[in-house]
Amino acid sequence: MENHNDSHIVPFKTYGIILAVLIVLTLISVAVTQIDLASLTVFTAILLASIKSGIVLVYFMHLKFDNLMMKIFVTAVFVLVALVMVVTFLDYNYR
Amino acid sequence: MIDKTTQNASTFVSQVDSAFLFIFGVALFFLFAITAVMVYYIYRYQKSKNPVATHIEGSTKLEIVWTVIPTILVLVMFSYGWSGWKNQREIPDDAMPVKAIARMWSFAFEYPNGMVTDTLIVPKDRPIKLDLVAQDVIHSMYIPAFRVKQDMVPGKKSNIWFESEREGKYEIFCAEYCGLRHSYMMSAVKVIPEGDFDKWMEENKALEDATGGTNKRLAGVSVLRKYGCNACHTVDGSKLVGPSYKGIIGSTRTVITDGQERQVVGDEDYIRRSIYEPNADIVKGFDKGLMLSYKDQVTEEELQHLIEYFKSLSE
Amino acid sequence: MSNQETETNYVSFREEKGKYKGILAWIFSTDHKRIGLLYLYSIVSFFIIGVGLGAAMKLELLAPGKTIMDPATYNAIFTLHGVIMIFLVVVPGLPAVFGNFFLPIMIGAKDVAFPKLNLLSWWVYVVGALIALSALFMGGGPPDTGWTFYAPYSFKTNTNMLPAVLGAFVLGFSSILTGINFIVTIHRLRAPGMSWFRLPLFPWTLYGTAWIQILATPIVGITLLMIVGERLLNIGFFDPALGGDPILYQHLFWIYSHPAVYIMILPAMGAISEIIPTFANKSIFGYKAIVISTLAIAFVGYFVWGHHMFTSGMSGTALYTFSFLTFLVAIPSAIKVFNWVGTLHKASIQLEAPFFWAASFLFVFMIGGLSGLALGALATNVHLHDTAFVVAHFHFIVFGGVGFAFMGAIHYWFPKMYGRMYNTKVATTGWLFFFIGFCTLYLPMFFLGIDGMPRRYYDYVERFHGPNIVSTIGSWVMIIGLIIIIANLIKGAYSGAKTSKNPWGGRTLEWEVDSPPTLENFEEIPVIERSPYDYR
Amino acid sequence: MSQTITVAHDIHRDDEGSKIGMWLFIFTELLLFAGLFIVYGVYRYLNPVAFHLAAEELNVTVGTLNTVILLCSSATMAMASTAIRMRKKALTLTLLGITLFIAFMFMVNKYFEWKGKFGHGIFPGSEDLLQLGHGDTLFFGLYFFMTGLHALHIIIGFILITIVAVRVNNNSLTSENPVLLDNSGLYWHLVDLIWIFLFPLFYLIA
Ligand code: HEA
Ligand code: HEA
Ligand code: CUA
Ligand SMILES: [Cu+2]
């Protein structure tokens with residue numbers, strides 16, 4: 001049960017790049033929703049948000065450097081949330 | 001369920017009951033078989049009879065067997081249950097629509113011709129469609145003999161249908177908890193021959209037309225029925241959820257208004273206020289908030305009928 | 001801390017001197033065993049209150065019309081009864097009592113991963129319970145919505161909803177903290193050599209349960225918070241008059257509350273899986289099958305919540321999907337039952353009280369579970385929903401299942417927890433009364449439900465009278481059983497004969513430490529080299 | 001107890017364990033908001049037009065600004081984890097300070113945004129809102145509830161980071177035991193994560 005707390009030190013530069021990417025994605029999503037994509041608006045907005053949150057999870061929250069178990073857990077939780085939403089909409093979508 | 005008196009009460013009964021019997025049979029079989037095996041093992045392999053246990057880790061073959069068999073059985077149960085239920089959702093086009101209204105704590109039924117009753121009277125052998133409306137909280141229309149039940153959700157349209165094949169009077173219960181007098185929220189369905197039904201429709205229409213103008217007192221009774229007031233108030237002076245109508249007109253009443261006690265006289269204005277703003281004056285000894293406003297429901301005309309009727313109770 | 005001292009002077013965790021004295025030494029202790037006992041005493045106290053309320057309801061239902069109370073009281077009583085039994089008794093039940101006490105010992109650890117958090121979770125439990133119970137004494141009267149708090153009634157009623165709802169919300173946190181603690185404990189503190197498939201079954205079920213606690217409880221938390229927001233701010237989340245959808249409330253409530261029933265039953269199944277091999281003197285049949293079915297129940301149990309809403313007016317698609325999944329989730333339970341019975345084959349069975357509880361657990365669990373099948377099928381559910389049948393179903397499976405397992409567990413682990421033995425003959429007599437009373441109490445309710453008697457009914461029509469009388473009499477027989485059992489256990493704790501380390505011949509780790517265990521459980525962390533149920 | 005095996009009652013640390021614990025806690029937070037997202041999804045589905053129009057009432061610029069600064073704070077918080085491992089105390093403190101400052105700015109923005117809405121008579125249960133109709137009531141009800149809950153998380157995060165900063169300052173949190181900093185970081189990223197979804201749902205999809 002060693003404490004590998006210095007297992008991986010992420011250089012500042014990486015965070016800088018990630019931050020830049022995130023801000024760009026934010027601006028893109030603002031820009032995209034200003035043009036009318038009809039039904040696709042919701043979809044693109046959610047998609048971009050998902051990509052952004054993925055980046056936050058992987059880099060800021062260090063999932064990239066975590067063990068496999070942690071990665072599986074996080075994925076499973078998101079899958080679970082998605083499934084619960086899908087099942088809920090089995091009701092609303094077919095009323 | 002498996003009771004002679006409700007057989008064929010509605011066309012759903014046989015299907016629902018046979019689904020139930022199938023599930024019940026399988027369940028009983030497993031219950032008895034497993035219990036028997038267990039009791040036998042406990043008897044046969046108790047320490048005094050079998051001092052040394054034989055070591056067994058498990059058996060993949062058995063695991064597969066006792067996974068697959070129950071799976072098949074439950075799939076059969078599922079489809080049985082589903083097919084039995086599908087009919088209940090497929091409302092025939094020629095069904096006679098009746099509006100069923102639920103409020104704390106009574107049912108009312110409105111027929112296509114505008115007549116309102118507190119008991120559901122339907123013809124035999126004719127599909128009936130109930131459009132369910134709830135006015136305050138969730139209630140549930142439950143007719144055990146017909147095997148139908150559907151929640152009545154405020155703000156949401158829903159309906160059920162049935163076709164009765166047997167004359168008789170059957171209970172209606174409210175099956176969703178709805179507050180203080182939930183267990184008294186009952187009514188009945190009366191299934192009568194088609195001819196009688198048509199006749200009854202005619203007669204009542206005639207009666208209503210006749211009394212509407214002349215006999216205000218009778219009309220008052222039907223207003224009370226229409227809005228289910230009797231769920232909470234009595235005509236004989238006894239106390240339920242709210243005060244009785246008896247002697248209300250002309251009496252001096254102690255009420256609580258905004259936390260202050262005061263005296264008022266039971267006159268027309270008082271009655272109107274009590275119906276349109278029920279929580280403004282609360283008669284001492286009763287609870288606030290149990291009655292909702294009937295402002296958009298009870299018309300001025302109906303109100304006059306009521307007052308007329310209340311006067312008769314004070315004579 | 002030197003090795004010699006602990007070896008020569010055996011001091012059990014009960015006598016260990018800490019910073020505080022008297023009761024403070026307990027309520028501020030971070031020792032998992034003391035916390036386990038704290039939970040035991042609090043839960044049993046609430047259980048007795050809940051049982052008293054249950055008995056009062058049965059008395060009221062003895063005859064039609066008013067028997068001993070008015071409708072407002074009855075409505076408040078079944079609400080409190082449900083809230084207490086669900087949120088204060090069976091949800092924390094086995095994990096908080098036996099999980100806290102035995103999980104670390106069974107995996108060869110000295111404590112849980114976060115002992116302070118563990119103590120905090122007990123405190124949160126107590127605070128939550130007090131908030132919930134304060135609803136009784138504040139103006140407006142006790143809440144009367146049923147434990148389901150269905151909207152819109154729950155924000156129309158004038159009774160004290162807020163404390164009850166807030167209490168349930170706080171209790172959720174306690175549940176979450178315990179869950180986090182157990183998962184980390186199982187991941188990080190298993191003794192060397194204890195691979196996942198050498199983990200005993202009780203910890204396995206706690207692991208499954210903990211995940212449900214973490215992933216389902218927040219949903220009810222937010223739902224209850226929304227009810228609070230609704231009442232305080234008039235937002236209209238679930239108020240049809242403001243555009244809200246009452247059915248959505250039911251979805252959210254059951255997204256938690258169905259998984260919650262598996263929070264209750266899984267540890268119960270785990271305890272049974274410990275008791276049966278010990279008393280059969282034989283390794284459990286199909287260890288892996290039981291583990292896999294535990295995980296399967298935990299997972300599939302997430303997607304069946306709609307079976308509580310078959311008559312609410314959901315879409316047809318949702319109805320049959322939920323019905324289908326409900327049937328799927330029954331299968332892993334069936335697998336477990338078969339494996340438990342299989343374990344008895346060619347066993348060498350000691351007939352002692354814990355075993356009787358386990359065997360009768362199987363019986364009542366089957367009745368409860370199999371009646372669940374009739375509720376899972378659409379056509380029959382429409383008739384049986386919200387009737388006494390449902391009440392019978394869940395008492396059989398919650399009280400019968402979880403309650404019997406709890407009783408079994410306490411009789412099984414009692415010598416380890418107290419170092420003394422209760423009177424085994426009296427224990428068996430108590431069990432017999434309890435079992436007979438139980439069946440007499442709840443079997444008639446199945447027939448009432450089939451006959452159409454709705455639940456939450458203060459009063460009923462004359463034709464339901466007969467079965468109700470039988471049922472009420474059953475509750476009296478059960479009273480006798482319960483009193484015998486509790487008196488026997490209390491006596492045993494004070495003056496029972498001292499026991500050895502391993503009175504039943506169990507093979508899991510807790511039977512290798514002293515009775516009662518020392519503060520640190522193990523002098524040396526054991527190294528595991530065999531399967532947990534190796535009886536050869 | 002001569003062995004190296006850990007004893008819970010000793011001064012013992014299991015950093016990996018604490019991290020798993022923190023993640024589990026984050027899962028519960030995610031599920032908490034997931035419940036609200038379900039509610040949002042359903043009501044959006046039931047009132048598409050009203051939600052669409054109501055969303056236009058919200059100021060995209062303020063929202064975008066808040067998103068960007070929250071992202072920056074997430075980055076500085078992550079950098080603090082690196083800094084402490086490089087044994088740069090001053091830098092760590094600076095980064096934490098920036099994070100706190102941004103959190104504060106976020107709240108200031110939020111305050112003005114809410115205040116503006118209140119000024120227009122839009123707040124939970126207000127008369128004006130009821131007049132607007134069901135969809136708007138629900139939209140703004142959810143808006144206040146969800147952003148309010150999020151703001152509560154910001155405040156909790158703020159307190160956590162303050163504690164971390166104090167402990168870094170008095171050297172009780174160093175490169176030897178940076179777990180508390182890492183875990184506060186995880187929490188802060190969670191707050192960010194939730195905002196990443198709240199932002200498009202309330203401000204953008206109009
Ligand atoms: C510990 C708690 C617990 C457990 C484990 C279960 C287990 C199950 N429950 Fe139950 N249930 C409740 C607690 C529980 N329930 C509560 C509290 C309510 C009411 C809530 C309220 O409204 O207040 C409720 C209500 C409830 C309903 C809603 C009723 C209604 O209101 O209309 C339904 C419907 O499907 C249901 C189904 C099931 C099923 C199919 C199982 C299955 O998991 C059962 C599986 C077990 C077995 C099947 C038995 C063992 C197997 C065999 C003997 C082998 C043979 C088997 C086969 C051939 C399949 N339950
Ligand atoms: C663990 C869960 C649990 C347990 C153990 C019980 C136990 C009991 N319950 Fe249960 N019950 C629920 C959970 C539980 N219940 C839930 C969730 C509901 C739904 C609520 C709702 O609708 O919202 C419910 C609803 C419910 C109803 C339905 C109300 C209605 O729909 O109208 C009834 C009716 O009789 C009832 C009765 C009982 C009885 C008689 C007991 C028995 O325990 C009582 C038997 C025991 C005794 C009679 C012993 C009493 C002994 C003493 C008081 C002396 C003790 C002395 C010493 C220790 C020295 N309960
Ligand atoms: Cu209406 Cu119960
Ligand atoms: Cu369920």
# chains A, B, ... in the order shown; residues from 1 in each chain; ligands from 1
call {"tool": "residues_near_ligand", "arguments": {"ligand": "ligand 1", "cutoff": "6 Å", "atoms": "only C-alpha atoms and all ligand atoms", "output": "tab-separated table (two decimals) with all heavy atoms, in the first residue's frame"}}
result
chain	number	residue	atom	x	y	z
B	30	PHE	N	-43.23	-23.89	-7.04
B	30	PHE	CA	-41.86	-23.68	-6.58
B	30	PHE	C	-41.80	-23.57	-5.07
B	30	PHE	O	-40.92	-24.11	-4.43
B	30	PHE	CB	-41.26	-22.44	-7.23
B	30	PHE	CG	-40.64	-22.73	-8.56
B	30	PHE	CD1	-41.37	-22.54	-9.72
B	30	PHE	CD2	-39.35	-23.21	-8.65
B	30	PHE	CE1	-40.81	-22.83	-10.95
B	30	PHE	CE2	-38.79	-23.50	-9.88
B	30	PHE	CZ	-39.53	-23.31	-11.04
B	31	LEU	N	-42.77	-22.89	-4.52
B	31	LEU	CA	-42.76	-22.72	-3.06
B	31	LEU	C	-42.81	-24.08	-2.38
B	31	LEU	O	-41.98	-24.38	-1.52
B	31	LEU	CB	-43.95	-21.86	-2.64
B	31	LEU	CG	-44.07	-21.64	-1.14
B	31	LEU	CD1	-42.88	-20.85	-0.63
B	31	LEU	CD2	-45.36	-20.92	-0.81
B	70	PRO	N	-36.19	-21.04	-14.83
B	70	PRO	CA	-36.94	-19.86	-14.37
B	70	PRO	C	-37.02	-18.75	-15.43
B	70	PRO	O	-38.04	-18.07	-15.54
B	70	PRO	CB	-36.16	-19.37	-13.16
B	70	PRO	CG	-35.40	-20.54	-12.68
B	70	PRO	CD	-35.11	-21.35	-13.91
B	73	LEU	N	-39.82	-19.58	-17.63
B	73	LEU	CA	-41.09	-19.38	-16.94
B	73	LEU	C	-41.45	-17.90	-16.80
B	73	LEU	O	-42.59	-17.51	-17.04
B	73	LEU	CB	-41.03	-20.03	-15.56
B	73	LEU	CG	-41.18	-21.56	-15.58
B	73	LEU	CD1	-40.89	-22.15	-14.22
B	73	LEU	CD2	-42.57	-21.93	-16.04
B	74	VAL	N	-40.47	-17.09	-16.43
B	74	VAL	CA	-40.83	-15.67	-16.25
B	74	VAL	C	-41.16	-15.02	-17.58
B	74	VAL	O	-41.98	-14.11	-17.65
B	74	VAL	CB	-39.76	-14.84	-15.51
B	74	VAL	CG1	-39.60	-15.31	-14.09
B	74	VAL	CG2	-38.46	-14.79	-16.24
C	261	VAL	N	-34.82	-1.06	-2.37
C	261	VAL	CA	-35.25	-2.34	-1.82
C	261	VAL	C	-34.13	-3.37	-1.98
C	261	VAL	O	-34.02	-4.30	-1.19
C	261	VAL	CB	-36.58	-2.87	-2.42
C	261	VAL	CG1	-37.65	-1.82	-2.35
C	261	VAL	CG2	-36.41	-3.42	-3.80
C	262	TYR	N	-33.28	-3.17	-2.97
C	262	TYR	CA	-32.14	-4.09	-3.08
C	262	TYR	C	-31.02	-3.69	-2.12
C	262	TYR	O	-30.23	-4.53	-1.72
C	262	TYR	CB	-31.69	-4.21	-4.53
C	262	TYR	CG	-32.77	-4.85	-5.37
C	262	TYR	CD1	-33.38	-4.19	-6.42
C	262	TYR	CD2	-33.24	-6.11	-5.05
C	262	TYR	CE1	-34.41	-4.76	-7.13
C	262	TYR	CE2	-34.27	-6.70	-5.75
C	262	TYR	CZ	-34.85	-6.02	-6.80
C	262	TYR	OH	-35.89	-6.59	-7.49
C	264	MET	N	-31.75	-3.02	0.75
C	264	MET	CA	-32.18	-3.74	1.94
C	264	MET	C	-31.89	-5.22	1.82
C	264	MET	O	-31.39	-5.84	2.76
C	264	MET	CB	-33.69	-3.59	2.14
C	264	MET	CG	-34.21	-2.18	2.12
C	264	MET	SD	-36.01	-2.25	1.95
C	264	MET	CE	-36.34	-0.59	1.47
C	265	ILE	N	-32.23	-5.81	0.69
C	265	ILE	CA	-32.23	-7.28	0.65
C	265	ILE	C	-30.84	-7.85	0.41
C	265	ILE	O	-30.53	-8.94	0.87
C	265	ILE	CB	-33.23	-7.81	-0.41
C	265	ILE	CG1	-33.60	-9.27	-0.14
C	265	ILE	CG2	-32.68	-7.72	-1.81
C	265	ILE	CD1	-34.44	-9.49	1.06
C	307	HIS	N	-42.11	-0.39	-12.27
C	307	HIS	CA	-43.17	-1.35	-11.91
C	307	HIS	C	-44.01	-0.86	-10.72
C	307	HIS	O	-45.00	-1.48	-10.39
C	307	HIS	CB	-42.62	-2.76	-11.67
C	307	HIS	CG	-41.72	-2.91	-10.50
C	307	HIS	ND1	-40.72	-3.85	-10.44
C	307	HIS	CD2	-41.63	-2.25	-9.33
C	307	HIS	CE1	-40.09	-3.76	-9.29
C	307	HIS	NE2	-40.61	-2.80	-8.59
C	308	HIS	N	-43.61	0.25	-10.12
C	308	HIS	CA	-44.46	0.82	-9.08
C	308	HIS	C	-45.48	1.78	-9.68
C	308	HIS	O	-46.29	2.35	-8.97
C	308	HIS	CB	-43.61	1.58	-8.06
C	308	HIS	CG	-42.67	0.68	-7.32
C	308	HIS	ND1	-43.02	0.03	-6.17
C	308	HIS	CD2	-41.41	0.30	-7.59
C	308	HIS	CE1	-42.01	-0.71	-5.75
C	308	HIS	NE2	-41.01	-0.56	-6.60
C	326	THR	N	-38.47	-6.25	-14.83
C	326	THR	CA	-38.82	-6.74	-13.50
C	326	THR	C	-38.69	-8.26	-13.44
C	326	THR	O	-38.18	-8.82	-12.48
C	326	THR	CB	-40.26	-6.33	-13.14
C	326	THR	OG1	-40.35	-4.92	-13.17
C	326	THR	CG2	-40.64	-6.82	-11.76
C	327	PHE	N	-39.16	-8.91	-14.51
C	327	PHE	CA	-39.03	-10.36	-14.51
C	327	PHE	C	-37.57	-10.79	-14.59
C	327	PHE	O	-37.17	-11.77	-13.99
C	327	PHE	CB	-39.86	-10.96	-15.65
C	327	PHE	CG	-41.31	-11.06	-15.30
C	327	PHE	CD1	-42.26	-10.28	-15.90
C	327	PHE	CD2	-41.72	-11.94	-14.31
C	327	PHE	CE1	-43.59	-10.36	-15.55
C	327	PHE	CE2	-43.05	-12.04	-13.94
C	327	PHE	CZ	-43.99	-11.24	-14.57
C	329	VAL	N	-35.06	-9.31	-13.26
C	329	VAL	CA	-34.36	-9.14	-12.00
C	329	VAL	C	-34.75	-10.22	-10.99
C	329	VAL	O	-34.07	-10.43	-9.99
C	329	VAL	CB	-34.58	-7.72	-11.43
C	329	VAL	CG1	-35.88	-7.62	-10.70
C	329	VAL	CG2	-33.45	-7.30	-10.54
C	330	ALA	N	-35.82	-10.94	-11.28
C	330	ALA	CA	-36.21	-12.02	-10.36
C	330	ALA	C	-35.28	-13.22	-10.49
C	330	ALA	O	-35.13	-13.99	-9.55
C	330	ALA	CB	-37.65	-12.44	-10.62
C	331	ILE	N	-34.66	-13.37	-11.66
C	331	ILE	CA	-33.89	-14.59	-11.90
C	331	ILE	C	-32.67	-14.74	-10.98
C	331	ILE	O	-32.48	-15.80	-10.38
C	331	ILE	CB	-33.52	-14.70	-13.38
C	331	ILE	CG1	-34.81	-14.91	-14.18
C	331	ILE	CG2	-32.57	-15.86	-13.63
C	331	ILE	CD1	-34.67	-14.68	-15.62
C	333	SER	N	-32.31	-13.74	-8.06
C	333	SER	CA	-32.80	-14.14	-6.74
C	333	SER	C	-33.11	-15.63	-6.73
C	333	SER	O	-32.81	-16.33	-5.75
C	333	SER	CB	-34.06	-13.37	-6.36
C	333	SER	OG	-33.81	-12.00	-6.33
C	334	ALA	N	-33.72	-16.08	-7.82
C	334	ALA	CA	-34.04	-17.51	-7.90
C	334	ALA	C	-32.75	-18.32	-7.82
C	334	ALA	O	-32.68	-19.31	-7.08
C	334	ALA	CB	-34.79	-17.80	-9.19
C	337	VAL	N	-31.61	-18.68	-4.30
C	337	VAL	CA	-32.40	-19.62	-3.51
C	337	VAL	C	-31.98	-21.05	-3.82
C	337	VAL	O	-31.74	-21.86	-2.91
C	337	VAL	CB	-33.90	-19.43	-3.80
C	337	VAL	CG1	-34.72	-20.54	-3.18
C	337	VAL	CG2	-34.37	-18.09	-3.27
C	366	MET	N	-39.26	-16.57	-0.30
C	366	MET	CA	-39.88	-17.12	-1.51
C	366	MET	C	-41.31	-16.61	-1.65
C	366	MET	O	-41.73	-16.23	-2.75
C	366	MET	CB	-39.86	-18.64	-1.45
C	366	MET	CG	-38.53	-19.23	-1.84
C	366	MET	SD	-38.64	-20.97	-2.17
C	366	MET	CE	-38.81	-21.64	-0.55
C	369	GLY	N	-41.07	-13.00	-2.70
C	369	GLY	CA	-40.55	-12.84	-4.06
C	369	GLY	C	-41.52	-13.35	-5.10
C	369	GLY	O	-41.75	-12.70	-6.12
C	370	LEU	N	-42.11	-14.51	-4.83
C	370	LEU	CA	-43.02	-15.06	-5.82
C	370	LEU	C	-44.27	-14.20	-5.95
C	370	LEU	O	-44.83	-14.05	-7.03
C	370	LEU	CB	-43.37	-16.51	-5.45
C	370	LEU	CG	-42.18	-17.48	-5.57
C	370	LEU	CD1	-42.46	-18.78	-4.85
C	370	LEU	CD2	-41.84	-17.75	-7.02
C	372	GLY	N	-44.15	-11.11	-5.72
C	372	GLY	CA	-43.66	-10.02	-6.55
C	372	GLY	C	-43.87	-10.31	-8.04
C	372	GLY	O	-44.06	-9.39	-8.83
C	373	LEU	N	-43.83	-11.59	-8.40
C	373	LEU	CA	-44.03	-11.92	-9.82
C	373	LEU	C	-45.44	-11.56	-10.26
C	373	LEU	O	-45.65	-11.05	-11.37
C	373	LEU	CB	-43.78	-13.41	-10.05
C	373	LEU	CG	-42.37	-13.89	-9.72
C	373	LEU	CD1	-42.26	-15.38	-9.90
C	373	LEU	CD2	-41.36	-13.18	-10.60
C	375	LEU	N	-47.10	-9.22	-9.14
C	375	LEU	CA	-47.14	-7.76	-9.26
C	375	LEU	C	-46.39	-7.28	-10.48
C	375	LEU	O	-46.67	-6.20	-11.01
C	375	LEU	CB	-46.54	-7.12	-8.01
C	375	LEU	CG	-47.34	-7.32	-6.74
C	375	LEU	CD1	-46.55	-6.85	-5.53
C	375	LEU	CD2	-48.65	-6.57	-6.83
C	376	GLY	N	-45.43	-8.07	-10.93
C	376	GLY	CA	-44.62	-7.64	-12.07
C	376	GLY	C	-45.34	-7.80	-13.39
C	376	GLY	O	-45.00	-7.13	-14.37
C	381	ASN	N	-50.98	-6.83	-12.22
C	381	ASN	CA	-50.61	-5.66	-11.42
C	381	ASN	C	-51.73	-4.63	-11.39
C	381	ASN	O	-52.01	-4.02	-10.37
C	381	ASN	CB	-49.33	-5.01	-11.94
C	381	ASN	CG	-48.96	-3.79	-11.12
C	381	ASN	OD1	-49.56	-2.73	-11.27
C	381	ASN	ND2	-48.02	-3.94	-10.21
C	385	HIS	N	-52.35	-3.60	-7.80
C	385	HIS	CA	-51.61	-2.42	-7.38
C	385	HIS	C	-52.36	-1.66	-6.29
C	385	HIS	O	-53.57	-1.49	-6.35
C	385	HIS	CB	-51.41	-1.50	-8.59
C	385	HIS	CG	-50.88	-0.15	-8.24
C	385	HIS	ND1	-49.60	0.02	-7.79
C	385	HIS	CD2	-51.45	1.06	-8.23
C	385	HIS	CE1	-49.41	1.31	-7.53
C	385	HIS	NE2	-50.53	1.97	-7.79
C	386	ASP	N	-51.60	-1.17	-5.32
C	386	ASP	CA	-52.17	-0.39	-4.23
C	386	ASP	C	-53.27	-1.10	-3.46
C	386	ASP	O	-54.22	-0.47	-2.99
C	386	ASP	CB	-52.68	0.97	-4.75
C	386	ASP	CG	-51.63	2.07	-4.52
C	386	ASP	OD1	-50.72	1.84	-3.71
C	386	ASP	OD2	-51.72	3.12	-5.16
C	390	VAL	N	-50.13	-5.83	-2.16
C	390	VAL	CA	-48.81	-5.20	-2.18
C	390	VAL	C	-48.26	-5.10	-0.75
C	390	VAL	O	-47.09	-5.36	-0.50
C	390	VAL	CB	-48.87	-3.80	-2.82
C	390	VAL	CG1	-47.52	-3.13	-2.79
C	390	VAL	CG2	-49.39	-3.90	-4.24
C	394	PHE	N	-44.72	-6.74	0.37
C	394	PHE	CA	-43.49	-6.14	0.87
C	394	PHE	C	-43.26	-6.43	2.34
C	394	PHE	O	-42.12	-6.41	2.77
C	394	PHE	CB	-43.39	-4.66	0.50
C	394	PHE	CG	-44.33	-3.70	1.15
C	394	PHE	CD1	-44.21	-3.38	2.48
C	394	PHE	CD2	-45.28	-3.05	0.40
C	394	PHE	CE1	-45.05	-2.46	3.06
C	394	PHE	CE2	-46.14	-2.14	0.97
C	394	PHE	CZ	-46.03	-1.84	2.31
C	397	ILE	N	-41.38	-9.66	2.13
C	397	ILE	CA	-40.02	-9.62	1.63
C	397	ILE	C	-39.16	-8.63	2.43
C	397	ILE	O	-37.98	-8.86	2.63
C	397	ILE	CB	-40.01	-9.32	0.11
C	397	ILE	CG1	-38.79	-9.97	-0.53
C	397	ILE	CG2	-40.07	-7.86	-0.19
C	397	ILE	CD1	-38.93	-10.19	-1.98
C	398	VAL	N	-39.75	-7.57	2.93
C	398	VAL	CA	-38.95	-6.62	3.71
C	398	VAL	C	-38.84	-7.09	5.16
C	398	VAL	O	-37.75	-7.26	5.69
C	398	VAL	CB	-39.54	-5.20	3.66
C	398	VAL	CG1	-38.70	-4.27	4.49
C	398	VAL	CG2	-39.59	-4.70	2.25
call {"tool": "residues_near_ligand", "arguments": {"ligand": "ligand 2", "cutoff": "7 Å", "atoms": "only C-alpha atoms and all ligand atoms", "output": "ChimeraX atom specification"}}
result
/C:48-52,54-55,57-58,78-79,81-83,85-86,89-90,146-148,388,391,395,398-399,403,455-458,475-476,478-479,482-483,486-487
call {"tool": "residues_around", "arguments": {"residues": "Ile275 of chain B", "least_positions_apart": "3", "cutoff": "10 Å", "atoms": "only C-alpha atoms", "output": "list in words"}}
result
Asp269, Tyr270, Ile271, Arg272, Pro278, Asn279, Ala280, Met291, Leu292, Ser293, Tyr294, Lys295, Gln297, Val298 and Leu303 of chain B
call {"tool": "residues_around", "arguments": {"residues": "Ile84 of chain D", "least_positions_apart": "2", "cutoff": "10 Å", "atoms": "only C-alpha atoms", "output": "list of chain:residue names"}}
result
A:Ile9, D:Met79, D:Ala80, D:Ser81, D:Thr82, D:Met86, D:Arg87, D:Lys88, D:Lys89, D:Ala90, D:Leu91, D:Thr92, D:Leu93, D:Val168, D:Leu173, D:Thr174, D:Ser175, D:Glu176, D:Asn177, D:Pro178, D:Leu181, D:Asp182
call {"tool": "residues_around", "arguments": {"residues": "Leu70 of chain D", "least_positions_apart": "3", "cutoff": "10 Å", "atoms": "only C-alpha atoms", "output": "list of chain:residue names"}}
result
D:Thr64, D:Leu65, D:Asn66, D:Thr67, D:Ser73, D:Ser74, D:Ala75, D:Thr76, D:Thr99, D:Ile102, D:Ala103, D:Met105, D:Phe106, D:Trp188, D:His189, D:Val191, D:Asp192, D:Leu193, D:Trp195, D:Ile196
call {"tool": "interface_residues", "arguments": {"of": "chain C", "to": "chain A", "cutoff": "7 Å", "atoms": "only C-alpha atoms", "output": "PyMOL selection string"}}
result
chain C and resi 314-315+317-318
call {"tool": "select_by_dssp", "arguments": {"residues": "segment 42-99 of chain B", "states": "strand (DSSP E or B)", "output": "VMD selection string"}}
result
chain B and resid 46 96 to 99
call {"tool": "residues_near_ligand", "arguments": {"ligand": "ligand 3", "cutoff": "12 Å", "atoms": "only C-alpha atoms and all ligand atoms", "output": "MDAnalysis selection string"}}
result
(chainID B and resid 101:108 133:142 150:154 172:187 228 231) or (chainID C and resid 75 145:146 153 386:387 454:458)
call {"tool": "residues_near_ligand", "arguments": {"ligand": "ligand 4", "cutoff": "8 Å", "atoms": "only C-alpha atoms and all ligand atoms", "output": "PyMOL selection string"}}
result
chain C and resi 254+257-259+261+304-308
call {"tool": "write_last_selection", "arguments": {"atoms": "C-alpha atoms", "output": "PDB file, in the first residue's frame"}}
result
ATOM      1  CA  TRP C 254     -38.780   5.195  -7.546  1.00  0.00           C
ATOM      2  CA  SER C 257     -36.660   3.606  -4.002  1.00  0.00           C
ATOM      3  CA  HIS C 258     -36.635   0.561  -6.138  1.00  0.00           C
ATOM      4  CA  PRO C 259     -32.856   0.169  -5.946  1.00  0.00           C
ATOM      5  CA  VAL C 261     -35.247  -2.344  -1.819  1.00  0.00           C
ATOM      6  CA  VAL C 304     -37.159  -1.637 -13.035  1.00  0.00           C
ATOM      7  CA  TRP C 305     -38.448   1.286 -10.997  1.00  0.00           C
ATOM      8  CA  GLY C 306     -41.441   1.755 -13.270  1.00  0.00           C
ATOM      9  CA  HIS C 307     -43.168  -1.346 -11.906  1.00  0.00           C
ATOM     10  CA  HIS C 308     -44.455   0.824  -9.080  1.00  0.00           C
TER      11      HIS C 308
END
